[in-house]
Amino acid sequence: MKKYIAVFLMATLFTVGTLFSQATVYKTSSGNITFVSETEFEKFSAVNNQVTAAISSQGKVQFKAPVNSFDFEKKLMQTHFQENYMESATFPNGVFKGQIEDLKSFNLTKSGTYSVSVKGTLEIHGVTKDVVIPGKIVVDGDQVTLKSNFAISCAEYGVKIPKNNVNQISDTIKISVSCSLSK
Amino acid sequence: MVGKFNMMIALTSILFTVQLSAQDDDFDLLGEEKPVATKVNYAFKTTKVINLQSTEVTDKGVLDFKMMHRFGPTNAGPYEAFGLDQSTVRFGFEYGITRSTMISAGRSNVNGLKNLDFFVKQRLLHQNSTNSMPVSVLAVVGTQYLSGSKFNDLNNQERSAYFAQLIVARKFDEDFTLEIVPTWLYNAKNPPTMPSLEIPAVSQIALGVGLRHKISPRSSINLEYIPVLTNKGTLVNSFSVGMDVETGGHVFQFHLTNSPGLNEVQFISNTTDPWKTGGIRFGFNLSRVFTVVKPKAFKK
(Lines give C-alpha, C1' and ligand atoms only; values in the text may rest on other atoms or scores of the structure.)
Protein backbone atom coordinates (compact mmCIF):
# COMPACT_ATOMS: atom_id res chain seq x y z
CA MET A 1 0.00 0.00 0.00
CA LYS A 2 2.79 2.35 1.05
CA LYS A 3 4.45 1.63 -2.26
CA TYR A 4 1.36 2.73 -4.21
CA ILE A 5 1.05 5.89 -2.17
CA ALA A 6 4.68 6.71 -2.85
CA VAL A 7 4.31 6.10 -6.59
CA PHE A 8 1.15 8.18 -6.65
CA LEU A 9 2.85 10.96 -4.73
CA MET A 10 5.80 10.84 -7.07
CA ALA A 11 3.62 10.95 -10.17
CA THR A 12 1.64 13.88 -8.78
CA LEU A 13 4.73 15.84 -7.91
CA PHE A 14 6.25 15.17 -11.28
CA THR A 15 3.10 16.30 -13.09
CA VAL A 16 2.82 19.46 -11.01
CA GLY A 17 6.50 20.19 -11.61
CA THR A 18 6.14 19.73 -15.32
CA LEU A 19 3.06 21.94 -15.41
CA PHE A 20 4.84 24.72 -13.57
CA SER A 21 7.88 24.62 -15.75
CA GLN A 22 5.86 24.80 -18.96
CA ALA A 23 4.56 28.30 -18.60
CA THR A 24 2.80 29.61 -21.69
CA VAL A 25 4.88 32.26 -23.45
CA TYR A 26 3.56 34.90 -25.84
CA LYS A 27 6.10 36.62 -28.10
CA THR A 28 6.62 39.12 -30.89
CA SER A 29 9.55 40.60 -32.77
CA SER A 30 7.63 43.48 -34.33
CA GLY A 31 6.44 45.38 -31.30
CA ASN A 32 6.14 49.14 -31.26
CA ILE A 33 7.84 51.66 -29.01
CA THR A 34 7.47 55.39 -29.62
CA PHE A 35 9.07 58.18 -27.67
CA VAL A 36 8.46 61.89 -27.57
CA SER A 37 10.68 64.75 -26.47
CA GLU A 38 8.92 68.04 -25.95
CA THR A 39 10.28 71.39 -24.88
CA GLU A 40 8.87 74.87 -25.16
CA PHE A 41 10.63 75.23 -28.53
CA GLU A 42 10.72 71.85 -30.17
CA LYS A 43 8.82 68.58 -30.17
CA PHE A 44 10.00 65.46 -31.94
CA SER A 45 9.31 61.77 -31.82
CA ALA A 46 10.85 58.48 -32.91
CA VAL A 47 9.24 55.17 -33.81
CA ASN A 48 10.61 51.66 -33.45
CA ASN A 49 8.69 48.75 -34.97
CA GLN A 50 11.31 46.09 -34.37
CA VAL A 51 10.88 45.55 -30.65
CA THR A 52 11.02 41.99 -29.36
CA ALA A 53 8.73 41.37 -26.43
CA ALA A 54 7.54 38.38 -24.42
CA ILE A 55 5.25 37.61 -21.52
CA SER A 56 4.79 34.30 -19.69
CA SER A 57 1.69 33.11 -17.91
CA GLN A 58 3.77 33.37 -14.73
CA GLY A 59 4.02 37.12 -15.17
CA LYS A 60 7.54 37.45 -16.49
CA VAL A 61 7.79 40.29 -18.99
CA GLN A 62 10.72 41.15 -21.25
CA PHE A 63 11.35 43.78 -23.93
CA LYS A 64 14.31 44.46 -26.18
CA ALA A 65 14.47 47.50 -28.47
CA PRO A 66 17.39 47.84 -30.94
CA VAL A 67 18.53 51.47 -30.69
CA ASN A 68 19.34 51.68 -34.42
CA SER A 69 15.75 50.76 -35.29
CA PHE A 70 14.32 54.04 -34.01
CA ASP A 71 13.17 56.08 -37.00
CA PHE A 72 13.08 59.86 -36.85
CA GLU A 73 11.34 62.27 -39.15
CA LYS A 74 14.65 64.10 -39.60
CA LYS A 75 17.45 61.73 -40.56
CA LEU A 76 20.14 64.01 -39.18
CA MET A 77 18.45 63.76 -35.80
CA GLN A 78 18.51 59.97 -36.13
CA THR A 79 22.25 60.13 -36.86
CA HIS A 80 22.87 62.29 -33.80
CA PHE A 81 20.63 60.06 -31.65
CA GLN A 82 22.57 56.94 -32.60
CA GLU A 83 26.10 58.31 -32.72
CA ASN A 84 26.22 61.09 -30.14
CA TYR A 85 23.47 60.47 -27.61
CA MET A 86 22.79 56.72 -27.39
CA GLU A 87 26.20 55.55 -28.67
CA SER A 88 24.49 52.58 -30.28
CA ALA A 89 27.72 51.01 -31.53
CA THR A 90 28.62 50.38 -27.85
CA PHE A 91 25.10 49.99 -26.43
CA PRO A 92 23.02 48.42 -29.19
CA ASN A 93 19.82 47.64 -27.24
CA GLY A 94 17.45 48.97 -24.66
CA VAL A 95 16.29 46.08 -22.44
CA PHE A 96 13.56 45.68 -19.84
CA LYS A 97 13.19 42.54 -17.72
CA GLY A 98 10.48 42.38 -15.12
CA GLN A 99 7.95 40.45 -13.14
CA ILE A 100 4.29 41.37 -12.74
CA GLU A 101 3.93 42.08 -9.03
CA ASP A 102 0.46 40.66 -8.46
CA LEU A 103 -0.07 37.37 -10.28
CA LYS A 104 -3.80 37.57 -9.60
CA SER A 105 -4.10 40.88 -11.42
CA PHE A 106 -4.19 39.27 -14.86
CA ASN A 107 -5.21 36.12 -16.74
CA LEU A 108 -3.80 35.45 -20.19
CA THR A 109 -6.40 32.78 -20.93
CA LYS A 110 -9.39 35.04 -20.38
CA SER A 111 -10.22 37.93 -22.71
CA GLY A 112 -10.23 41.30 -21.01
CA THR A 113 -8.15 44.33 -20.08
CA TYR A 114 -5.94 44.06 -17.00
CA SER A 115 -4.02 46.85 -15.29
CA VAL A 116 -0.74 45.57 -13.92
CA SER A 117 2.37 46.84 -12.25
CA VAL A 118 5.69 45.38 -13.40
CA LYS A 119 8.78 45.46 -11.24
CA GLY A 120 12.11 44.96 -12.94
CA THR A 121 15.25 46.42 -14.46
CA LEU A 122 15.50 48.87 -17.35
CA GLU A 123 18.79 49.06 -19.22
CA ILE A 124 19.39 52.04 -21.49
CA HIS A 125 22.74 53.39 -22.72
CA GLY A 126 24.56 50.79 -20.62
CA VAL A 127 22.97 51.97 -17.36
CA THR A 128 20.66 49.56 -15.51
CA LYS A 129 18.04 50.90 -13.11
CA ASP A 130 15.43 49.22 -10.90
CA VAL A 131 12.02 50.42 -11.98
CA VAL A 132 8.34 49.78 -11.41
CA ILE A 133 6.36 50.40 -14.57
CA PRO A 134 2.57 50.49 -14.87
CA GLY A 135 1.03 48.73 -17.84
CA LYS A 136 -2.05 47.27 -19.39
CA ILE A 137 -2.52 43.77 -20.72
CA VAL A 138 -5.27 43.41 -23.29
CA VAL A 139 -6.20 39.77 -23.89
CA ASP A 140 -8.30 39.10 -26.95
CA GLY A 141 -8.49 35.36 -27.60
CA ASP A 142 -4.99 34.19 -28.57
CA GLN A 143 -3.73 37.76 -28.94
CA VAL A 144 -2.09 39.49 -25.98
CA THR A 145 -1.29 43.20 -26.27
CA LEU A 146 1.06 44.88 -23.82
CA LYS A 147 0.66 48.60 -23.41
CA SER A 148 2.46 51.09 -21.24
CA ASN A 149 3.15 54.80 -20.94
CA PHE A 150 5.95 56.00 -18.76
CA ALA A 151 8.74 58.57 -18.72
CA ILE A 152 12.47 58.42 -18.12
CA SER A 153 15.14 61.01 -17.50
CA CYS A 154 18.08 61.19 -19.94
CA ALA A 155 20.44 62.24 -17.15
CA GLU A 156 19.62 59.14 -15.07
CA TYR A 157 20.79 56.93 -17.91
CA GLY A 158 23.95 58.94 -18.59
CA VAL A 159 22.68 60.44 -21.84
CA LYS A 160 24.18 63.91 -21.90
CA ILE A 161 22.38 66.79 -23.60
CA PRO A 162 24.83 69.57 -24.50
CA LYS A 163 24.07 73.02 -23.08
CA ASN A 164 23.37 74.37 -26.58
CA ASN A 165 20.62 71.81 -27.10
CA VAL A 166 18.70 71.93 -23.82
CA ASN A 167 16.07 74.11 -25.49
CA GLN A 168 15.48 71.56 -28.23
CA ILE A 169 15.80 68.29 -26.34
CA SER A 170 13.89 67.49 -23.17
CA ASP A 171 15.54 65.61 -20.31
CA THR A 172 12.21 63.87 -19.77
CA ILE A 173 11.43 61.42 -22.54
CA LYS A 174 7.89 60.09 -22.71
CA ILE A 175 7.79 56.49 -23.86
CA SER A 176 4.76 54.58 -25.06
CA VAL A 177 4.80 50.85 -25.67
CA SER A 178 2.35 48.83 -27.70
CA CYS A 179 3.24 45.24 -28.55
CA SER A 180 0.87 42.58 -29.87
CA LEU A 181 2.03 39.13 -28.87
CA SER A 182 0.92 35.65 -29.81
CA LYS A 183 1.85 32.12 -28.71
CA MET B 1 13.11 -1.40 2.98
CA VAL B 2 10.78 -0.91 0.01
CA GLY B 3 9.22 2.06 1.82
CA LYS B 4 12.60 3.74 2.27
CA PHE B 5 13.38 3.18 -1.37
CA ASN B 6 10.10 4.76 -2.41
CA MET B 7 10.62 7.67 -0.06
CA MET B 8 13.98 8.29 -1.69
CA ILE B 9 12.39 8.32 -5.12
CA ALA B 10 9.71 10.69 -3.86
CA LEU B 11 12.36 13.01 -2.38
CA THR B 12 14.39 12.90 -5.55
CA SER B 13 11.33 13.80 -7.58
CA ILE B 14 10.61 16.72 -5.25
CA LEU B 15 14.17 17.94 -5.72
CA PHE B 16 13.79 17.47 -9.45
CA THR B 17 10.61 19.56 -9.41
CA VAL B 18 12.26 22.33 -7.40
CA GLN B 19 15.15 22.31 -9.82
CA LEU B 20 12.76 22.66 -12.78
CA SER B 21 11.15 25.68 -11.19
CA ALA B 22 14.53 27.20 -10.47
CA GLN B 23 15.49 26.76 -14.10
CA ASP B 24 12.31 28.47 -15.14
CA ASP B 25 13.22 31.51 -13.04
CA ASP B 26 16.38 32.09 -15.02
CA PHE B 27 14.81 31.27 -18.34
CA ASP B 28 15.25 34.08 -20.84
CA LEU B 29 11.98 34.56 -22.66
CA LEU B 30 13.60 36.32 -25.61
CA GLY B 31 16.08 33.52 -26.20
CA GLU B 32 19.86 33.41 -26.22
CA GLU B 33 21.80 36.48 -27.31
CA LYS B 34 23.40 35.76 -30.66
CA PRO B 35 25.97 38.21 -31.99
CA VAL B 36 24.07 39.92 -34.78
CA ALA B 37 25.98 41.49 -37.66
CA THR B 38 25.03 45.15 -37.64
CA LYS B 39 26.15 47.73 -40.16
CA VAL B 40 29.01 49.98 -39.12
CA ASN B 41 27.83 53.52 -39.76
CA TYR B 42 29.14 57.05 -39.31
CA ALA B 43 32.69 56.45 -40.46
CA PHE B 44 32.83 60.15 -41.32
CA LYS B 45 30.74 63.13 -40.20
CA THR B 46 29.66 64.09 -43.70
CA THR B 47 29.88 63.04 -47.35
CA LYS B 48 33.33 64.57 -47.78
CA VAL B 49 36.61 64.01 -45.93
CA ILE B 50 37.86 67.44 -47.05
CA ASN B 51 37.83 67.44 -50.84
CA LEU B 52 37.78 63.66 -51.22
CA GLN B 53 34.51 61.75 -51.11
CA SER B 54 33.93 59.91 -47.83
CA THR B 55 31.96 56.70 -47.21
CA GLU B 56 28.88 58.62 -46.12
CA VAL B 57 25.86 58.78 -48.39
CA THR B 58 23.17 61.44 -47.97
CA ASP B 59 20.19 59.85 -46.22
CA LYS B 60 17.23 58.77 -48.31
CA GLY B 61 14.85 61.64 -48.99
CA VAL B 62 17.28 64.22 -47.63
CA LEU B 63 18.56 67.21 -49.61
CA ASP B 64 21.92 68.57 -48.53
CA PHE B 65 22.89 72.06 -49.65
CA LYS B 66 26.66 72.32 -49.74
CA MET B 67 28.60 75.56 -49.94
CA MET B 68 32.35 75.28 -50.46
CA HIS B 69 34.90 78.08 -50.30
CA ARG B 70 38.66 78.18 -50.84
CA PHE B 71 40.54 81.41 -50.38
CA GLY B 72 43.67 82.45 -52.25
CA PRO B 73 47.17 81.20 -51.36
CA THR B 74 48.68 82.56 -48.15
CA ASN B 75 51.84 83.47 -50.09
CA ALA B 76 49.85 86.09 -52.02
CA GLY B 77 51.11 88.53 -49.39
CA PRO B 78 49.54 91.31 -47.34
CA TYR B 79 48.14 93.19 -50.37
CA GLU B 80 45.78 90.24 -50.97
CA ALA B 81 45.22 89.83 -47.21
CA PHE B 82 47.20 86.57 -47.44
CA GLY B 83 44.66 85.11 -49.82
CA LEU B 84 41.46 86.17 -48.11
CA ASP B 85 40.69 88.67 -50.90
CA GLN B 86 40.43 85.91 -53.46
CA SER B 87 38.10 82.99 -53.32
CA THR B 88 36.79 80.08 -55.29
CA VAL B 89 33.26 78.90 -54.71
CA ARG B 90 31.17 75.83 -55.40
CA PHE B 91 27.60 75.48 -54.35
CA GLY B 92 25.76 72.29 -54.96
CA PHE B 93 22.99 70.01 -53.90
CA GLU B 94 23.23 66.41 -52.81
CA TYR B 95 20.22 64.14 -52.60
CA GLY B 96 19.75 60.62 -51.26
CA ILE B 97 17.68 58.57 -53.70
CA THR B 98 17.90 55.32 -51.77
CA ARG B 99 19.71 54.31 -48.61
CA SER B 100 22.82 53.57 -50.67
CA THR B 101 22.62 55.90 -53.66
CA MET B 102 23.12 59.64 -53.78
CA ILE B 103 23.42 62.17 -56.58
CA SER B 104 24.94 65.61 -56.61
CA ALA B 105 24.93 68.58 -58.96
CA GLY B 106 26.91 71.76 -58.48
CA ARG B 107 28.39 74.85 -60.05
CA SER B 108 31.85 76.16 -59.37
CA ASN B 109 33.95 79.19 -60.19
CA VAL B 110 37.62 78.22 -60.05
CA ASN B 111 40.50 79.89 -61.96
CA GLY B 112 37.98 81.97 -63.89
CA LEU B 113 36.24 78.87 -65.20
CA LYS B 114 32.53 78.39 -64.66
CA ASN B 115 32.04 74.66 -64.36
CA LEU B 116 28.97 72.53 -63.89
CA ASP B 117 29.47 69.16 -62.32
CA PHE B 118 27.48 66.07 -61.54
CA PHE B 119 28.23 62.81 -59.76
CA VAL B 120 26.60 59.65 -58.47
CA LYS B 121 27.81 57.80 -55.37
CA GLN B 122 26.74 54.22 -54.82
CA ARG B 123 27.40 52.05 -51.78
CA LEU B 124 28.43 48.54 -52.84
CA LEU B 125 29.54 46.86 -49.60
CA HIS B 126 28.90 47.86 -46.00
CA GLN B 127 31.35 47.08 -43.18
CA ASN B 128 29.66 45.14 -40.37
CA SER B 129 30.18 44.59 -36.67
CA THR B 130 31.14 40.91 -36.87
CA ASN B 131 33.79 41.64 -39.52
CA SER B 132 32.31 39.13 -41.94
CA MET B 133 32.53 42.27 -44.12
CA PRO B 134 35.62 44.13 -42.87
CA VAL B 135 35.42 47.15 -45.21
CA SER B 136 32.93 49.47 -46.83
CA VAL B 137 33.21 49.88 -50.59
CA LEU B 138 31.58 52.63 -52.62
CA ALA B 139 31.81 53.72 -56.24
CA VAL B 140 31.66 57.29 -57.51
CA VAL B 141 31.34 58.38 -61.14
CA GLY B 142 31.11 61.98 -62.20
CA THR B 143 31.56 64.57 -64.88
CA GLN B 144 32.48 68.22 -65.23
CA TYR B 145 31.37 70.53 -68.02
CA LEU B 146 32.92 73.92 -68.74
CA SER B 147 30.03 76.29 -69.32
CA GLY B 148 29.89 79.80 -70.74
CA SER B 149 30.52 81.49 -74.07
CA LYS B 150 33.96 82.78 -73.14
CA PHE B 151 35.75 79.79 -74.68
CA ASN B 152 33.94 79.49 -77.98
CA ASP B 153 36.80 77.67 -79.65
CA LEU B 154 36.26 74.64 -77.40
CA ASN B 155 33.84 71.99 -78.55
CA ASN B 156 31.68 69.94 -76.19
CA GLN B 157 34.17 67.12 -75.94
CA GLU B 158 36.97 69.51 -75.02
CA ARG B 159 34.78 71.12 -72.37
CA SER B 160 34.08 67.81 -70.63
CA ALA B 161 35.99 65.83 -68.07
CA TYR B 162 35.11 62.56 -66.34
CA PHE B 163 36.22 60.62 -63.31
CA ALA B 164 35.53 57.30 -61.60
CA GLN B 165 36.53 56.30 -58.07
CA LEU B 166 36.37 53.36 -55.78
CA ILE B 167 36.30 54.12 -52.06
CA VAL B 168 37.58 51.34 -49.83
CA ALA B 169 37.31 52.24 -46.16
CA ARG B 170 37.46 50.75 -42.72
CA LYS B 171 36.26 52.29 -39.48
CA PHE B 172 38.81 50.79 -37.08
CA ASP B 173 37.11 52.04 -33.94
CA GLU B 174 34.64 54.74 -32.95
CA ASP B 175 37.31 57.41 -33.53
CA PHE B 176 39.50 56.31 -36.40
CA THR B 177 38.60 55.72 -40.04
CA LEU B 178 40.91 55.23 -43.01
CA GLU B 179 39.97 55.18 -46.67
CA ILE B 180 41.85 54.48 -49.89
CA VAL B 181 40.45 55.92 -53.09
CA PRO B 182 41.81 54.67 -56.42
CA THR B 183 40.76 57.18 -59.06
CA TRP B 184 40.70 57.34 -62.84
CA LEU B 185 40.41 60.75 -64.48
CA TYR B 186 39.87 61.87 -68.07
CA ASN B 187 40.42 65.52 -68.90
CA ALA B 188 40.16 66.25 -72.65
CA LYS B 189 41.99 69.54 -72.47
CA ASN B 190 44.03 71.49 -69.92
CA PRO B 191 42.01 74.33 -68.40
CA PRO B 192 42.43 77.29 -70.82
CA THR B 193 43.10 79.78 -68.03
CA MET B 194 45.95 77.78 -66.51
CA PRO B 195 48.98 78.14 -68.82
CA SER B 196 51.40 76.83 -66.19
CA LEU B 197 49.64 73.49 -66.10
CA GLU B 198 50.96 70.99 -68.61
CA ILE B 199 49.68 67.45 -68.52
CA PRO B 200 51.15 65.13 -71.17
CA ALA B 201 48.09 62.96 -71.67
CA VAL B 202 44.39 63.21 -71.06
CA SER B 203 43.93 60.27 -68.74
CA GLN B 204 45.40 59.90 -65.25
CA ILE B 205 45.38 57.49 -62.36
CA ALA B 206 45.50 58.76 -58.78
CA LEU B 207 45.41 57.10 -55.38
CA GLY B 208 43.71 59.12 -52.69
CA VAL B 209 44.17 58.43 -49.01
CA GLY B 210 41.89 59.99 -46.41
CA LEU B 211 41.50 59.60 -42.68
CA ARG B 212 39.67 61.09 -39.79
CA HIS B 213 40.30 60.92 -36.08
CA LYS B 214 37.65 62.11 -33.65
CA ILE B 215 38.90 64.39 -30.93
CA SER B 216 35.50 64.69 -29.24
CA PRO B 217 32.08 63.18 -29.97
CA ARG B 218 31.29 66.13 -32.22
CA SER B 219 34.60 67.08 -33.79
CA SER B 220 37.43 65.41 -35.66
CA ILE B 221 40.76 66.03 -37.37
CA ASN B 222 40.85 65.01 -41.04
CA LEU B 223 43.75 64.44 -43.41
CA GLU B 224 43.92 63.61 -47.09
CA TYR B 225 46.58 63.15 -49.74
CA ILE B 226 45.87 62.40 -53.39
CA PRO B 227 49.03 61.49 -55.32
CA VAL B 228 48.63 61.34 -59.11
CA LEU B 229 50.49 58.24 -60.28
CA THR B 230 50.46 58.54 -64.09
CA ASN B 231 50.82 61.45 -66.56
CA LYS B 232 51.46 63.89 -63.79
CA GLY B 233 53.00 66.68 -65.91
CA THR B 234 53.50 69.85 -63.91
CA LEU B 235 50.63 69.32 -61.50
CA VAL B 236 51.15 69.10 -57.75
CA ASN B 237 49.51 66.48 -55.56
CA SER B 238 46.63 67.69 -53.45
CA PHE B 239 47.24 67.64 -49.70
CA SER B 240 44.80 68.91 -47.11
CA VAL B 241 44.40 68.93 -43.37
CA GLY B 242 41.16 69.94 -41.73
CA MET B 243 38.72 69.78 -38.90
CA ASP B 244 35.03 68.84 -38.74
CA VAL B 245 32.80 70.52 -36.20
CA GLU B 246 29.24 69.33 -35.88
CA THR B 247 26.77 71.93 -34.63
CA GLY B 248 23.17 70.74 -34.51
CA GLY B 249 21.73 71.20 -37.99
CA HIS B 250 25.00 71.23 -39.89
CA VAL B 251 28.59 70.13 -40.14
CA PHE B 252 31.19 72.85 -40.47
CA GLN B 253 34.44 71.73 -42.09
CA PHE B 254 37.40 74.03 -42.21
CA HIS B 255 40.82 73.22 -43.57
CA LEU B 256 44.14 74.13 -45.09
CA THR B 257 44.78 72.87 -48.61
CA ASN B 258 46.92 73.56 -51.65
CA SER B 259 43.97 72.93 -54.01
CA PRO B 260 41.72 75.76 -55.10
CA GLY B 261 39.61 73.22 -56.98
CA LEU B 262 36.29 72.08 -55.63
CA ASN B 263 35.36 69.03 -57.64
CA GLU B 264 37.36 65.87 -58.31
CA VAL B 265 38.71 66.92 -61.71
CA GLN B 266 39.85 70.28 -60.34
CA PHE B 267 41.48 69.29 -57.07
CA ILE B 268 43.10 66.08 -58.27
CA SER B 269 44.38 67.11 -61.69
CA ASN B 270 44.44 70.95 -61.65
CA THR B 271 46.46 71.72 -58.50
CA THR B 272 49.62 73.73 -59.17
CA ASP B 273 50.70 75.26 -55.85
CA PRO B 274 52.95 73.24 -53.55
CA TRP B 275 52.68 73.45 -49.76
CA LYS B 276 56.37 74.15 -49.22
CA THR B 277 56.30 77.51 -51.03
CA GLY B 278 53.23 78.71 -49.17
CA GLY B 279 50.60 77.74 -51.70
CA ILE B 280 48.34 76.86 -48.81
CA ARG B 281 44.78 78.11 -48.78
CA PHE B 282 42.26 78.40 -46.04
CA GLY B 283 38.89 76.93 -46.92
CA PHE B 284 35.63 75.71 -45.54
CA ASN B 285 32.65 73.54 -46.44
CA LEU B 286 29.21 74.25 -45.05
CA SER B 287 26.31 71.87 -45.27
CA ARG B 288 22.66 72.28 -44.40
CA VAL B 289 20.18 69.43 -44.68
CA PHE B 290 16.49 69.52 -45.52
CA THR B 291 14.09 66.60 -45.20
CA VAL B 292 12.29 66.40 -48.55
CA VAL B 293 10.61 63.01 -48.28
CA LYS B 294 9.47 62.01 -44.82
CA PRO B 295 10.20 58.46 -43.64
CA LYS B 296 7.25 56.04 -43.83
CA ALA B 297 6.43 56.12 -40.12
CA PHE B 298 5.84 59.88 -40.28
CA LYS B 299 3.69 60.03 -43.42
CA LYS B 300 0.08 60.77 -42.80
# chains A, B, ... in the order shown; residues from 1 in each chain; ligands from 1
>>> select_by_dssp(residues="stretch 48-281 of chain B", states="strand (DSSP E or B)", output="number ranges by chain")
B: 48, 53, 60, 62-73, 87-98, 101-110, 113-125, 128, 136-146, 160-171, 176-187, 203-216, 219-226, 228, 238-247, 250-257, 281
>>> residues_around(residues="B:Ile97", least_positions_apart="4", cutoff="9 Å", atoms="only C-alpha atoms", output="ChimeraX atom specification")
/B:58-62,101-103
>>> residues_around(residues="B:Phe119", least_positions_apart="3", cutoff="7 Å", atoms="only C-alpha atoms", output="PyMOL selection string")
chain B and resi 103-105+140-143
>>> atom_distance(atom1="atom CA of B:Lys299", atom2="atom CA of B:Arg99")
17.8 Å
>>> residues_around(residues="A:Ser57", least_positions_apart="2", cutoff="7 Å", atoms="only C-alpha atoms", output="PyMOL selection string")
chain A and resi 23-25+55+59+108
>>> closest_residue(among="B:Phe282, B:Phe290, B:Phe93, B:Phe298", to="B:His250", atoms="only C-alpha atoms")
B:Phe290
>>> residues_around(residues="B:Tyr162", least_positions_apart="3", cutoff="12 Å", atoms="only C-alpha atoms", output="PyMOL selection string")
chain B and resi 116-120+140-146+157-159+165+183-189+202-204+263-266+268-269
>>> closest_residue(among="A:Lys174, A:Ile169, A:Glu156, A:Leu146", to="chain B", atoms="only C-alpha atoms")
A:Ile169
